[in-house]
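Participant: Pasting target.csv below, which is CSV, C-alpha atoms.
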```
chain,number,residue,atom,x,y,z
Q,1,MET,CA,86.8,-6.7,145.1
Q,2,GLY,CA,86.9,-3.3,146.7
Q,3,PRO,CA,85.4,0.1,145.5
Q,4,LEU,CA,88.6,1.0,143.6
Q,5,ASN,CA,88.7,-2.2,141.6
Q,6,GLY,CA,89.6,-1.4,138.1
Q,7,TYR,CA,91.9,1.5,138.9
Q,8,ARG,CA,95.6,1.1,138.4
Q,9,VAL,CA,98.2,3.1,140.3
Q,10,ILE,CA,102.0,3.2,139.9
Q,11,GLU,CA,103.9,3.8,143.1
Q,12,LEU,CA,107.6,4.8,143.2
Q,13,ALA,CA,108.8,3.0,146.4
Q,14,GLY,CA,109.5,5.2,149.4
Q,15,ILE,CA,109.0,5.2,153.1
Q,16,GLY,CA,106.3,6.2,155.6
Q,17,PRO,CA,103.5,8.2,154.1
Q,18,GLY,CA,103.9,6.9,150.5
Q,19,PRO,CA,103.5,3.2,151.4
Q,20,PHE,CA,100.6,4.1,153.7
Q,21,CYS,CA,98.9,5.8,150.8
Q,22,GLY,CA,99.5,2.7,148.7
Q,23,MET,CA,98.1,0.5,151.4
Q,24,MET,CA,94.9,2.6,151.6
Q,25,LEU,CA,94.4,2.5,147.8
Q,26,SER,CA,95.3,-1.2,147.4
Q,27,ASP,CA,93.2,-2.3,150.4
Q,28,MET,CA,90.2,-0.7,148.5
Q,29,GLY,CA,90.9,-2.8,145.5
Q,30,ALA,CA,93.1,-0.6,143.3
Q,31,ASP,CA,95.8,-2.4,141.3
Q,32,VAL,CA,98.9,-0.8,142.8
Q,33,ILE,CA,102.2,-1.6,141.1
Q,34,ARG,CA,105.1,-0.7,143.4
Q,35,VAL,CA,108.3,0.2,141.5
Q,36,ASP,CA,111.2,-0.9,143.8
Q,37,ARG,CA,114.9,-0.5,143.6
Q,38,ILE,CA,116.8,-3.5,142.4
Q,39,ASN,CA,117.9,-5.4,145.6
Q,40,LYS,CA,119.0,-8.9,144.7
Q,41,GLY,CA,118.3,-11.6,147.2
Q,42,ALA,CA,116.1,-9.4,149.4
Q,43,PRO,CA,113.6,-11.5,151.4
Q,44,PRO,CA,109.9,-10.6,151.4
Q,45,PRO,CA,109.5,-7.8,154.0
Q,46,LYS,CA,107.1,-8.2,156.9
Q,47,ASP,CA,105.8,-4.7,156.2
Q,48,VAL,CA,102.1,-4.2,156.7
Q,49,LEU,CA,102.3,-0.9,154.7
Q,50,GLN,CA,103.4,-2.8,151.6
Q,51,ARG,CA,100.6,-5.3,151.5
Q,52,ASN,CA,98.3,-5.9,148.5
Q,53,ARG,CA,100.8,-4.7,145.9
Q,54,GLN,CA,102.7,-6.2,143.0
Q,55,SER,CA,106.4,-5.4,142.9
Q,56,ILE,CA,108.6,-4.7,139.9
Q,57,ALA,CA,112.3,-3.9,140.5
Q,58,VAL,CA,113.8,-1.3,138.1
Q,59,ASP,CA,117.1,0.5,137.7
Q,60,LEU,CA,115.8,4.1,137.6
Q,61,LYS,CA,119.3,5.4,136.9
Q,62,SER,CA,119.2,3.9,133.4
Q,63,PRO,CA,117.3,5.3,130.5
Q,64,GLU,CA,116.0,1.9,129.7
Q,65,GLY,CA,114.6,1.5,133.3
Q,66,VAL,CA,112.9,4.9,133.1
Q,67,GLU,CA,111.3,3.7,129.8
Q,68,VAL,CA,110.0,0.7,131.5
Q,69,VAL,CA,108.2,2.8,134.1
Q,70,LEU,CA,106.9,5.2,131.4
Q,71,LYS,CA,105.4,2.1,129.7
Q,72,LEU,CA,103.6,1.2,132.9
Q,73,VAL,CA,102.3,4.8,133.1
Q,74,GLU,CA,100.6,4.5,129.8
Q,75,LYS,CA,97.9,2.2,131.2
Q,76,ALA,CA,97.6,3.7,134.7
Q,77,ASP,CA,95.1,6.1,136.3
Q,78,ALA,CA,97.5,7.5,138.8
Q,79,PHE,CA,101.2,7.8,139.6
Q,80,TYR,CA,102.8,9.0,142.8
Q,81,GLU,CA,106.2,9.6,144.3
Q,82,GLY,CA,107.6,10.8,147.6
Q,83,PHE,CA,111.0,12.4,146.8
Q,84,ARG,CA,112.2,15.9,147.3
Q,85,PRO,CA,111.0,18.4,144.7
Q,86,GLY,CA,113.0,18.0,141.5
Q,87,VAL,CA,114.2,14.4,142.0
Q,88,THR,CA,111.8,12.7,139.6
Q,89,GLU,CA,112.4,15.5,137.0
Q,90,ARG,CA,116.1,14.6,137.1
Q,91,LEU,CA,115.2,10.9,136.8
Q,92,GLY,CA,113.1,11.6,133.7
Q,93,LEU,CA,109.9,10.7,135.5
Q,94,GLY,CA,108.5,14.2,136.4
Q,95,PRO,CA,105.0,15.4,135.5
Q,96,LYS,CA,106.1,16.5,132.1
Q,97,GLU,CA,107.4,13.1,131.0
Q,98,VAL,CA,104.7,11.1,132.8
Q,99,MET,CA,101.8,13.2,131.6
Q,100,GLY,CA,103.3,13.3,128.2
Q,101,ARG,CA,102.7,9.6,128.0
Q,102,ASN,CA,99.3,9.7,129.5
Q,103,GLU,CA,97.4,13.0,129.6
Q,104,LYS,CA,94.7,11.6,131.8
Q,105,ILE,CA,97.0,10.4,134.6
Q,106,VAL,CA,96.8,11.9,138.1
Q,107,TYR,CA,100.4,12.6,139.3
Q,108,GLY,CA,100.7,12.7,143.1
Q,109,ARG,CA,103.6,14.2,145.0
Q,110,MET,CA,104.2,13.5,148.7
Q,111,THR,CA,106.6,15.8,150.5
Q,112,GLY,CA,106.9,17.3,154.0
Q,113,TRP,CA,107.2,20.9,153.1
Q,114,GLY,CA,105.5,21.0,149.7
Q,115,GLN,CA,106.8,21.6,146.1
Q,116,ASP,CA,107.7,25.2,146.7
Q,117,GLY,CA,108.5,27.7,149.5
Q,118,PRO,CA,111.7,28.5,151.4
Q,119,MET,CA,111.9,25.1,153.1
Q,120,SER,CA,110.9,22.9,150.2
Q,121,GLN,CA,114.4,21.5,149.7
Q,122,ALA,CA,115.2,21.0,153.4
Q,123,ALA,CA,115.3,17.5,155.0
Q,124,GLY,CA,112.6,16.8,157.6
Q,125,HIS,CA,110.4,14.3,159.3
Q,126,ASP,CA,106.9,14.1,160.8
Q,127,ILE,CA,108.0,15.9,164.0
Q,128,ASN,CA,109.2,18.9,162.0
Q,129,TYR,CA,106.2,19.2,159.8
Q,130,ILE,CA,103.7,19.1,162.7
Q,131,GLY,CA,106.0,21.5,164.6
Q,132,LEU,CA,105.5,24.1,161.8
Q,133,SER,CA,101.7,23.5,161.5
Q,134,GLY,CA,100.9,24.4,165.1
Q,135,ALA,CA,99.9,20.8,166.0
Q,136,LEU,CA,103.0,19.8,168.0
Q,137,HIS,CA,102.9,22.9,170.2
Q,138,ALA,CA,99.5,21.9,171.5
Q,139,ILE,CA,100.4,18.4,172.7
Q,140,GLY,CA,101.9,17.8,176.1
Q,141,GLU,CA,101.5,18.4,179.8
Q,142,PRO,CA,101.3,21.9,181.4
Q,143,GLY,CA,104.7,23.5,181.9
Q,144,SER,CA,106.4,20.7,180.0
Q,145,LYS,CA,107.8,20.4,176.5
Q,146,PRO,CA,105.7,19.3,173.5
Q,147,VAL,CA,105.3,15.5,173.1
Q,148,PRO,CA,105.5,13.8,169.7
Q,149,PRO,CA,102.3,11.8,169.2
Q,150,LEU,CA,104.1,9.1,167.3
Q,151,ASN,CA,104.3,10.0,163.6
Q,152,LEU,CA,100.5,9.7,163.2
Q,153,ILE,CA,99.7,13.4,162.3
Q,154,GLY,CA,102.3,14.3,159.7
Q,155,ASP,CA,103.2,11.0,158.1
Q,156,PHE,CA,99.9,9.3,158.1
Q,157,GLY,CA,96.9,11.5,158.8
Q,158,GLY,CA,98.2,14.6,157.2
Q,159,GLY,CA,100.5,12.8,154.7
Q,160,GLY,CA,99.6,9.3,153.3
Q,161,MET,CA,95.9,9.7,153.9
Q,162,LEU,CA,95.9,13.2,152.4
Q,163,LEU,CA,97.7,11.9,149.3
Q,164,ALA,CA,95.3,9.0,148.9
Q,165,TYR,CA,92.3,11.4,149.2
Q,166,GLY,CA,93.9,13.7,146.7
Q,167,LEU,CA,94.5,10.9,144.2
Q,168,VAL,CA,91.0,9.6,144.4
Q,169,CYS,CA,89.6,13.2,144.1
Q,170,GLY,CA,91.9,13.6,141.0
Q,171,MET,CA,90.8,10.4,139.4
Q,172,LEU,CA,87.1,11.3,139.9
Q,173,GLU,CA,87.7,14.8,138.3
Q,174,THR,CA,89.5,13.1,135.4
Q,175,GLN,CA,86.3,11.2,134.6
Q,176,LYS,CA,84.6,14.6,133.9
Q,177,SER,CA,87.4,16.6,132.3
Q,178,GLY,CA,89.4,13.8,130.5
Q,179,LYS,CA,92.6,15.4,131.8
Q,180,GLY,CA,95.0,14.6,134.5
Q,181,GLN,CA,96.7,17.0,137.0
Q,182,VAL,CA,99.4,17.2,139.6
Q,183,ILE,CA,98.5,16.7,143.3
Q,184,ASP,CA,100.9,18.6,145.7
Q,185,ALA,CA,100.3,16.8,149.0
Q,186,ALA,CA,102.5,18.4,151.7
Q,187,MET,CA,102.5,17.0,155.3
Q,188,VAL,CA,102.7,20.5,156.8
Q,189,ASP,CA,99.5,21.4,154.9
Q,190,GLY,CA,97.8,18.2,155.9
Q,191,ALA,CA,98.7,18.6,159.5
Q,192,ALA,CA,97.4,22.2,159.4
Q,193,SER,CA,94.1,20.9,157.9
Q,194,LEU,CA,93.8,18.5,160.9
Q,195,MET,CA,94.0,21.5,163.2
Q,196,ALA,CA,91.1,23.3,161.5
Q,197,MET,CA,88.7,22.9,164.4
Q,198,PHE,CA,91.1,24.5,166.8
Q,199,PHE,CA,91.7,27.5,164.6
Q,200,SER,CA,87.9,28.0,164.6
Q,201,MET,CA,88.1,28.4,168.4
Q,202,GLY,CA,90.1,31.5,168.0
Q,203,ARG,CA,91.1,33.0,171.3
Q,204,GLY,CA,89.0,30.5,173.1
Q,205,PHE,CA,91.8,28.0,172.6
Q,206,GLN,CA,94.5,28.6,175.2
Q,207,ASP,CA,98.1,28.6,174.0
Q,208,GLU,CA,99.3,26.9,177.2
Q,209,ARG,CA,99.6,23.1,176.8
Q,210,GLY,CA,97.2,21.1,178.9
Q,211,SER,CA,94.8,23.9,179.7
Q,212,ASN,CA,92.1,23.2,177.2
Q,213,LEU,CA,89.1,21.0,177.0
Q,214,LEU,CA,90.6,18.4,174.7
Q,215,ASP,CA,94.3,18.5,175.4
Q,216,GLY,CA,94.2,17.0,178.9
Q,217,GLY,CA,93.4,20.2,180.7
Q,218,SER,CA,90.0,19.0,181.9
Q,219,HIS,CA,89.4,16.3,184.4
Q,220,PHE,CA,86.6,14.7,182.4
Q,221,TYR,CA,88.6,14.3,179.2
Q,222,ASN,CA,91.8,12.7,180.4
Q,223,THR,CA,93.7,9.5,181.1
Q,224,TYR,CA,94.3,8.0,184.6
Q,225,GLU,CA,96.5,5.4,186.1
Q,226,THR,CA,94.9,2.5,187.9
Q,227,SER,CA,96.0,0.5,190.9
Q,228,ASP,CA,97.7,-2.1,188.7
Q,229,SER,CA,99.8,0.5,186.9
Q,230,GLU,CA,97.6,0.4,183.8
Q,231,HIS,CA,95.5,3.2,182.4
Q,232,ILE,CA,92.0,4.2,181.5
Q,233,CYS,CA,90.6,7.1,179.5
Q,234,VAL,CA,87.4,9.1,179.9
Q,235,GLY,CA,85.8,11.6,177.6
Q,236,SER,CA,82.7,12.7,179.4
Q,237,ILE,CA,82.1,16.0,177.7
Q,238,GLU,CA,78.4,16.2,177.4
Q,239,PRO,CA,76.6,17.0,180.7
Q,240,GLN,CA,74.6,13.8,180.9
Q,241,PHE,CA,77.8,11.7,180.3
Q,242,TYR,CA,79.6,13.8,182.9
Q,243,GLN,CA,76.9,13.1,185.5
Q,244,LEU,CA,77.2,9.4,184.8
Q,245,LEU,CA,81.0,9.7,185.3
Q,246,VAL,CA,80.5,11.4,188.7
Q,247,GLU,CA,78.0,8.6,189.6
Q,248,LYS,CA,80.1,5.6,188.5
Q,249,ALA,CA,83.3,7.0,190.1
Q,250,GLY,CA,81.5,7.5,193.4
Q,251,LEU,CA,82.1,11.3,193.4
Q,252,ASP,CA,80.1,14.0,195.3
Q,253,PRO,CA,77.7,15.4,192.7
Q,254,ASN,CA,77.5,18.7,194.5
Q,255,LYS,CA,81.2,19.2,194.6
Q,256,TYR,CA,81.8,18.1,191.0
Q,257,GLY,CA,78.7,19.8,189.7
Q,258,PRO,CA,80.4,22.8,188.1
Q,259,GLN,CA,81.9,20.8,185.2
Q,260,MET,CA,83.1,23.8,183.1
Q,261,ASP,CA,84.6,25.7,186.0
Q,262,LYS,CA,88.2,25.8,184.7
Q,263,ASP,CA,89.4,27.0,188.1
Q,264,GLN,CA,88.5,23.7,189.5
Q,265,TRP,CA,89.9,21.5,186.8
Q,266,VAL,CA,93.4,21.0,188.4
Q,267,ASN,CA,92.0,20.1,191.8
Q,268,PHE,CA,89.4,17.7,190.2
Q,269,LYS,CA,92.1,16.0,188.2
Q,270,GLU,CA,94.2,15.5,191.3
Q,271,GLU,CA,91.3,14.0,193.1
Q,272,LEU,CA,90.3,11.8,190.2
Q,273,THR,CA,93.8,10.6,190.0
Q,274,ASP,CA,93.5,9.2,193.5
Q,275,VAL,CA,90.1,7.8,192.8
Q,276,PHE,CA,91.1,5.8,189.8
Q,277,LYS,CA,94.1,4.4,191.6
Q,278,THR,CA,91.8,2.6,194.0
Q,279,LYS,CA,90.9,-0.1,191.5
Q,280,THR,CA,92.5,-2.1,188.7
Q,281,ARG,CA,91.9,-1.4,185.1
Q,282,ASP,CA,89.7,-4.4,184.7
Q,283,GLU,CA,87.7,-3.4,187.8
Q,284,TRP,CA,87.0,0.0,186.3
Q,285,CYS,CA,86.1,-1.7,183.0
Q,286,GLU,CA,83.4,-3.7,184.8
Q,287,ILE,CA,82.0,-0.5,186.3
Q,288,MET,CA,82.2,1.8,183.3
Q,289,GLU,CA,82.9,0.0,180.0
Q,290,GLY,CA,79.9,-0.1,177.6
Q,291,THR,CA,78.1,2.7,179.5
Q,292,ASP,CA,77.6,6.4,178.4
Q,293,VAL,CA,80.5,7.5,180.6
Q,294,CYS,CA,82.6,7.6,177.4
Q,295,PHE,CA,85.1,5.3,178.8
Q,296,ALA,CA,87.7,2.8,177.5
Q,297,PRO,CA,90.8,1.0,178.8
Q,298,VAL,CA,94.1,2.3,177.3
Q,299,LEU,CA,95.4,-0.8,175.5
Q,300,SER,CA,98.8,-1.5,174.0
Q,301,ILE,CA,99.1,-2.6,170.4
Q,302,PHE,CA,99.6,-6.1,171.7
Q,303,GLU,CA,96.4,-6.0,173.8
Q,304,ALA,CA,94.1,-4.2,171.4
Q,305,PRO,CA,93.6,-7.1,169.0
Q,306,GLN,CA,92.3,-9.3,171.9
Q,307,HIS,CA,89.7,-6.9,173.2
Q,308,PRO,CA,86.2,-8.4,172.7
Q,309,HIS,CA,84.9,-5.4,170.7
Q,310,ASN,CA,87.8,-5.5,168.3
Q,311,SER,CA,87.6,-9.3,168.1
Q,312,HIS,CA,83.9,-9.2,167.3
Q,313,ARG,CA,84.4,-6.7,164.5
Q,314,LYS,CA,87.6,-8.3,163.2
Q,315,THR,CA,89.4,-5.0,163.5
Q,316,PHE,CA,92.7,-6.8,163.4
Q,317,VAL,CA,93.6,-9.8,161.3
Q,318,GLU,CA,96.7,-12.0,160.9
Q,319,VAL,CA,98.4,-12.2,157.5
Q,320,ASP,CA,101.6,-14.1,156.9
Q,321,GLY,CA,102.1,-14.4,160.6
Q,322,VAL,CA,101.8,-10.6,161.3
Q,323,THR,CA,98.8,-9.2,163.3
Q,324,GLN,CA,97.7,-6.0,161.6
Q,325,PRO,CA,94.7,-3.7,161.1
Q,326,ALA,CA,92.1,-4.9,158.7
Q,327,PRO,CA,91.2,-2.7,155.8
Q,328,SER,CA,88.9,0.2,156.6
Q,329,PRO,CA,86.4,1.8,156.1
Q,330,ARG,CA,84.0,-1.1,155.4
Q,331,PHE,CA,81.8,-1.2,152.3
Q,332,SER,CA,78.5,-3.1,152.2
Q,333,ARG,CA,78.7,-4.3,148.6
Q,334,THR,CA,82.4,-3.9,147.5
Q,335,ALA,CA,84.2,-5.2,150.5
Q,336,ALA,CA,87.9,-4.4,150.9
Q,337,SER,CA,90.3,-7.2,151.5
Q,338,ILE,CA,93.9,-8.2,152.0
Q,339,ARG,CA,94.8,-10.2,148.9
Q,340,ASN,CA,98.5,-10.7,149.6
Q,341,PRO,CA,101.2,-9.7,152.1
Q,342,ALA,CA,104.2,-7.6,151.2
Q,343,ARG,CA,106.1,-8.8,148.2
Q,344,SER,CA,109.9,-8.9,147.9
Q,345,PRO,CA,111.4,-6.3,145.4
Q,346,GLY,CA,110.8,-7.6,141.9
Q,347,GLN,CA,108.8,-10.6,142.9
Q,348,ASP,CA,106.2,-9.8,140.2
Q,349,THR,CA,108.5,-8.3,137.5
Q,350,GLY,CA,108.0,-11.0,135.0
Q,351,SER,CA,104.2,-11.1,135.2
Q,352,ILE,CA,103.8,-7.3,135.2
Q,353,LEU,CA,106.0,-6.9,132.1
Q,354,SER,CA,104.1,-9.8,130.4
Q,355,ASP,CA,100.8,-8.1,131.1
Q,356,TYR,CA,102.2,-5.0,129.4
Q,357,GLY,CA,103.1,-6.9,126.3
Q,358,TYR,CA,106.7,-7.6,126.8
Q,359,SER,CA,107.8,-10.9,125.3
Q,360,SER,CA,109.7,-13.6,127.2
Q,361,ASP,CA,112.9,-12.7,125.3
Q,362,GLU,CA,112.5,-9.0,126.0
Q,363,ILE,CA,112.0,-9.7,129.7
Q,364,ASP,CA,115.0,-12.0,129.8
Q,365,SER,CA,117.1,-9.3,128.0
Q,366,LEU,CA,116.1,-6.6,130.5
Q,367,LYS,CA,117.0,-8.9,133.4
Q,368,THR,CA,120.3,-9.8,131.9
Q,369,LEU,CA,121.2,-6.2,131.4
Q,370,GLY,CA,120.3,-5.4,135.0
Q,371,ILE,CA,117.5,-3.0,134.0
Q,372,VAL,CA,114.9,-5.0,135.9
Q,373,SER,CA,115.1,-7.9,138.3
```
Could you take the file, read its structure, and then write that structure out as structure tokens?
Facilitator:
Amino acid sequence: MGPLNGYRVIELAGIGPGPFCGMMLSDMGADVIRVDRINKGAPPPKDVLQRNRQSIAVDLKSPEGVEVVLKLVEKADAFYEGFRPGVTERLGLGPKEVMGRNEKIVYGRMTGWGQDGPMSQAAGHDINYIGLSGALHAIGEPGSKPVPPLNLIGDFGGGGMLLAYGLVCGMLETQKSGKGQVIDAAMVDGAASLMAMFFSMGRGFQDERGSNLLDGGSHFYNTYETSDSEHICVGSIEPQFYQLLVEKAGLDPNKYGPQMDKDQWVNFKEELTDVFKTKTRDEWCEIMEGTDVCFAPVLSIFEAPQHPHNSHRKTFVEVDGVTQPAPSPRFSRTAASIRNPARSPGQDTGSILSDYGYSSDEIDSLKTLGIVS
């Protein structure tokens, strides 16, 4: 049933980090009701981020629609939205109104810049938030421009995951205090938190991209092309793992002995580039995979589900014809699961309203008036 079984969360539909937060919570067993916009005739989306939810479609621009959502709030443990600051207040669904109906509810707010500050009302995306946090500047090749690492850091790691963590923390605290609170989850804050280790390095972390231990500056923590135009990655940081890399790659141990001599890193990388191009990716896997070299092939999202390790652990599953990551982390007693794929907007409107005590006549009336669908 999942460790969050018994908790109910109301999600105002949005994009990116909000749906990811809902996926993380619902995968763990929370009953997440997604409040979608009315979109008649919309087919069920093949959106992995929307799995495991129920969907109710509501006209939030009508007072009656807002009242429907506030009724949902009365029996919920948490509520979250991902609009610019002030939008839900104008809708009549801000913290004051929501917590006025349920003083124990945890109210989550997912934004890029945060609820206040000089940029709080500006538009932005993941790339902008990680740019302001210091994360983007650190990623890229020496002498080249910063490279966006997909939208993993801001939207997901520092956004949706941060909000899910905040909501669960808030719900745990409510069990002690009996009171709810507002969670301000800003992606720029979350991205900054993910950079904490590098701030602890102080001046030991070089400002120049590609010159540090973990940013591709070293020859032993890097990616290399193979003879078949594929790639492998090594992360042989510890001395014993580095010695094994030198051995397995057929390198001269005397020449490559001074692992931490940064003056040698550029030359060593150039030489290792040539070495790894002498064999295919599969041939290097036969030599290094499963050893303490700290080695792995660099796989595409289409290859990753087929790898024997991922296959053994069922890291990826197929649901409704879509290959996708299985729920994680894994719990020994209260296993997480995928109960249903993404629902079309309003697919569960009738059953949700019925569960909340609406009669069939009341539900039909709301649908006729276009308040729900």
Participant: What is the distance, in Å and to one decimal place, between atom CA of Met201 of chain Q and atom CA of Leu136 of chain Q?
Facilitator: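 Straight-line distance from atom CA of Met201 of chain Q to atom CA of Leu136 of chain Q works out to 17.2 Å.
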Participant: Anything within 12 Å of (98.0, 8.4, 192.3): list those residues as a ChimeraX atom specification, counting all atoms listed in the file and sticking to the file's coordinates.
Facilitator: /Q:224-231,269-279
Participant: I need the residue nearest Val32 of chain Q from this list: Q:Arg109, Q:Arg343, Q:Arg53, Q:Lys75. Use only C-alpha atoms for the distance.
Facilitator: Q:Arg53
Participant: What lies within 9 Å of Pro341 of chain Q using only C-alpha atoms, ignoring chain neighbours under 3 positions off, as a ChimeraX atom specification?
Facilitator: /Q:44-48,50-53,319-320,338
Participant: Do you know which residues are at most 10 Å from Gln243 of chain Q counting all atoms listed in the file, after dropping those on the same chain fewer than 2 positions away, and could you put them as a PyMOL selection string?
Facilitator: chain Q and resi 236-241+245-249+251+253+256-257+259+292-293
Participant: Once you have the residues from the selection above, write them out as a PDB file, keeping the file's coordinate frame, restricted to C-alpha atoms.
Facilitator:
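Heads up, here's the output in selection-v5.pdb:
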```
ATOM      1  CA  SER Q 236      82.700  12.700 179.400  1.00  0.00           C
ATOM      2  CA  ILE Q 237      82.100  16.000 177.700  1.00  0.00           C
ATOM      3  CA  GLU Q 238      78.400  16.200 177.400  1.00  0.00           C
ATOM      4  CA  PRO Q 239      76.600  17.000 180.700  1.00  0.00           C
ATOM      5  CA  GLN Q 240      74.600  13.800 180.900  1.00  0.00           C
ATOM      6  CA  PHE Q 241      77.800  11.700 180.300  1.00  0.00           C
ATOM      7  CA  LEU Q 245      81.000   9.700 185.300  1.00  0.00           C
ATOM      8  CA  VAL Q 246      80.500  11.400 188.700  1.00  0.00           C
ATOM      9  CA  GLU Q 247      78.000   8.600 189.600  1.00  0.00           C
ATOM     10  CA  LYS Q 248      80.100   5.600 188.500  1.00  0.00           C
ATOM     11  CA  ALA Q 249      83.300   7.000 190.100  1.00  0.00           C
ATOM     12  CA  LEU Q 251      82.100  11.300 193.400  1.00  0.00           C
ATOM     13  CA  PRO Q 253      77.700  15.400 192.700  1.00  0.00           C
ATOM     14  CA  TYR Q 256      81.800  18.100 191.000  1.00  0.00           C
ATOM     15  CA  GLY Q 257      78.700  19.800 189.700  1.00  0.00           C
ATOM     16  CA  GLN Q 259      81.900  20.800 185.200  1.00  0.00           C
ATOM     17  CA  ASP Q 292      77.600   6.400 178.400  1.00  0.00           C
ATOM     18  CA  VAL Q 293      80.500   7.500 180.600  1.00  0.00           C
TER      19      VAL Q 293
END
```
Participant: Using atom CA of Val182 of chain Q and atom CA of Thr334 of chain Q as the two end points, give the distance in Å to one decimal.
Facilitator: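 Going from atom CA of Val182 of chain Q over to atom CA of Thr334 of chain Q covers 28.2 Å.
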Participant: For segment 351-367 of chain Q, list every protein, DNA or RNA residue within 12 Å, evaluated using only C-alpha atoms, and leave out those in the same chain fewer than 5 positions away; present the list as an NGL selection string.
Facilitator: :Q and (10 or 31-35 or 38 or 40 or 53-59 or 62-65 or 67-76 or 346 or 372-373)
Participant: What does the distance between atom CA of Leu91 of chain Q and atom CA of Arg37 of chain Q come to in Å, to one decimal place?
Facilitator: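 Those two atoms sit 13.3 Å apart.
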Participant: Do you know which residues are at most 12 Å from segment 309-317 of chain Q counting only C-alpha atoms, after dropping those on the same chain fewer than 3 positions away, and could you put them as a list in words?
Facilitator: Val48, Glu289, Gly290, Ala296, Pro297, Leu299, Ile301, Phe302, Glu303, Ala304, Pro305, Gln306, Asp320, Gly321, Val322, Thr323, Gln324, Pro325, Ala326, Pro327, Ser328, Pro329, Arg330, Ser337, Ile338 and Pro341 of chain Q
Participant: Taking all atoms listed in the file into account, which of Q:Ser120, Q:Thr174, Q:Asn39, Q:Gln264 comes nearest Ile371 of chain Q?
Facilitator: Q:Asn39
Participant: For Gly2 of chain Q, which residue out of Q:Asn340, Q:Ser332, Q:Thr349, Q:Asn222 is the nearest one, using all atoms listed in the file?
Facilitator: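 Closest candidate: Q:Ser332.
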Participant: When distances are computed from only C-alpha atoms, which of Q:Pro19, Q:Gly166, Q:Gly29, Q:Pro149 shows the smallest separation from Ile130 of chain Q?
Facilitator: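 Checking each of Q:Pro19, Q:Gly166, Q:Gly29, Q:Pro149 against Ile130 of chain Q, counting only C-alpha atoms, the winner is Q:Pro149.
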Participant: Q:Asp252, Q:Gly16, Q:Gln206, Q:Val98: which is nearest Phe268 of chain Q, counting only C-alpha atoms?
Facilitator: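 Comparing Q:Asp252, Q:Gly16, Q:Gln206, Q:Val98 against Phe268 of chain Q, the winner is Q:Asp252.
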Participant: Return the single residue from Q:Arg281, Q:His125, Q:Lys255, Q:Lys176 that is closest to Asn151 of chain Q, with distances computed using all atoms listed in the file.
Facilitator: Q:His125
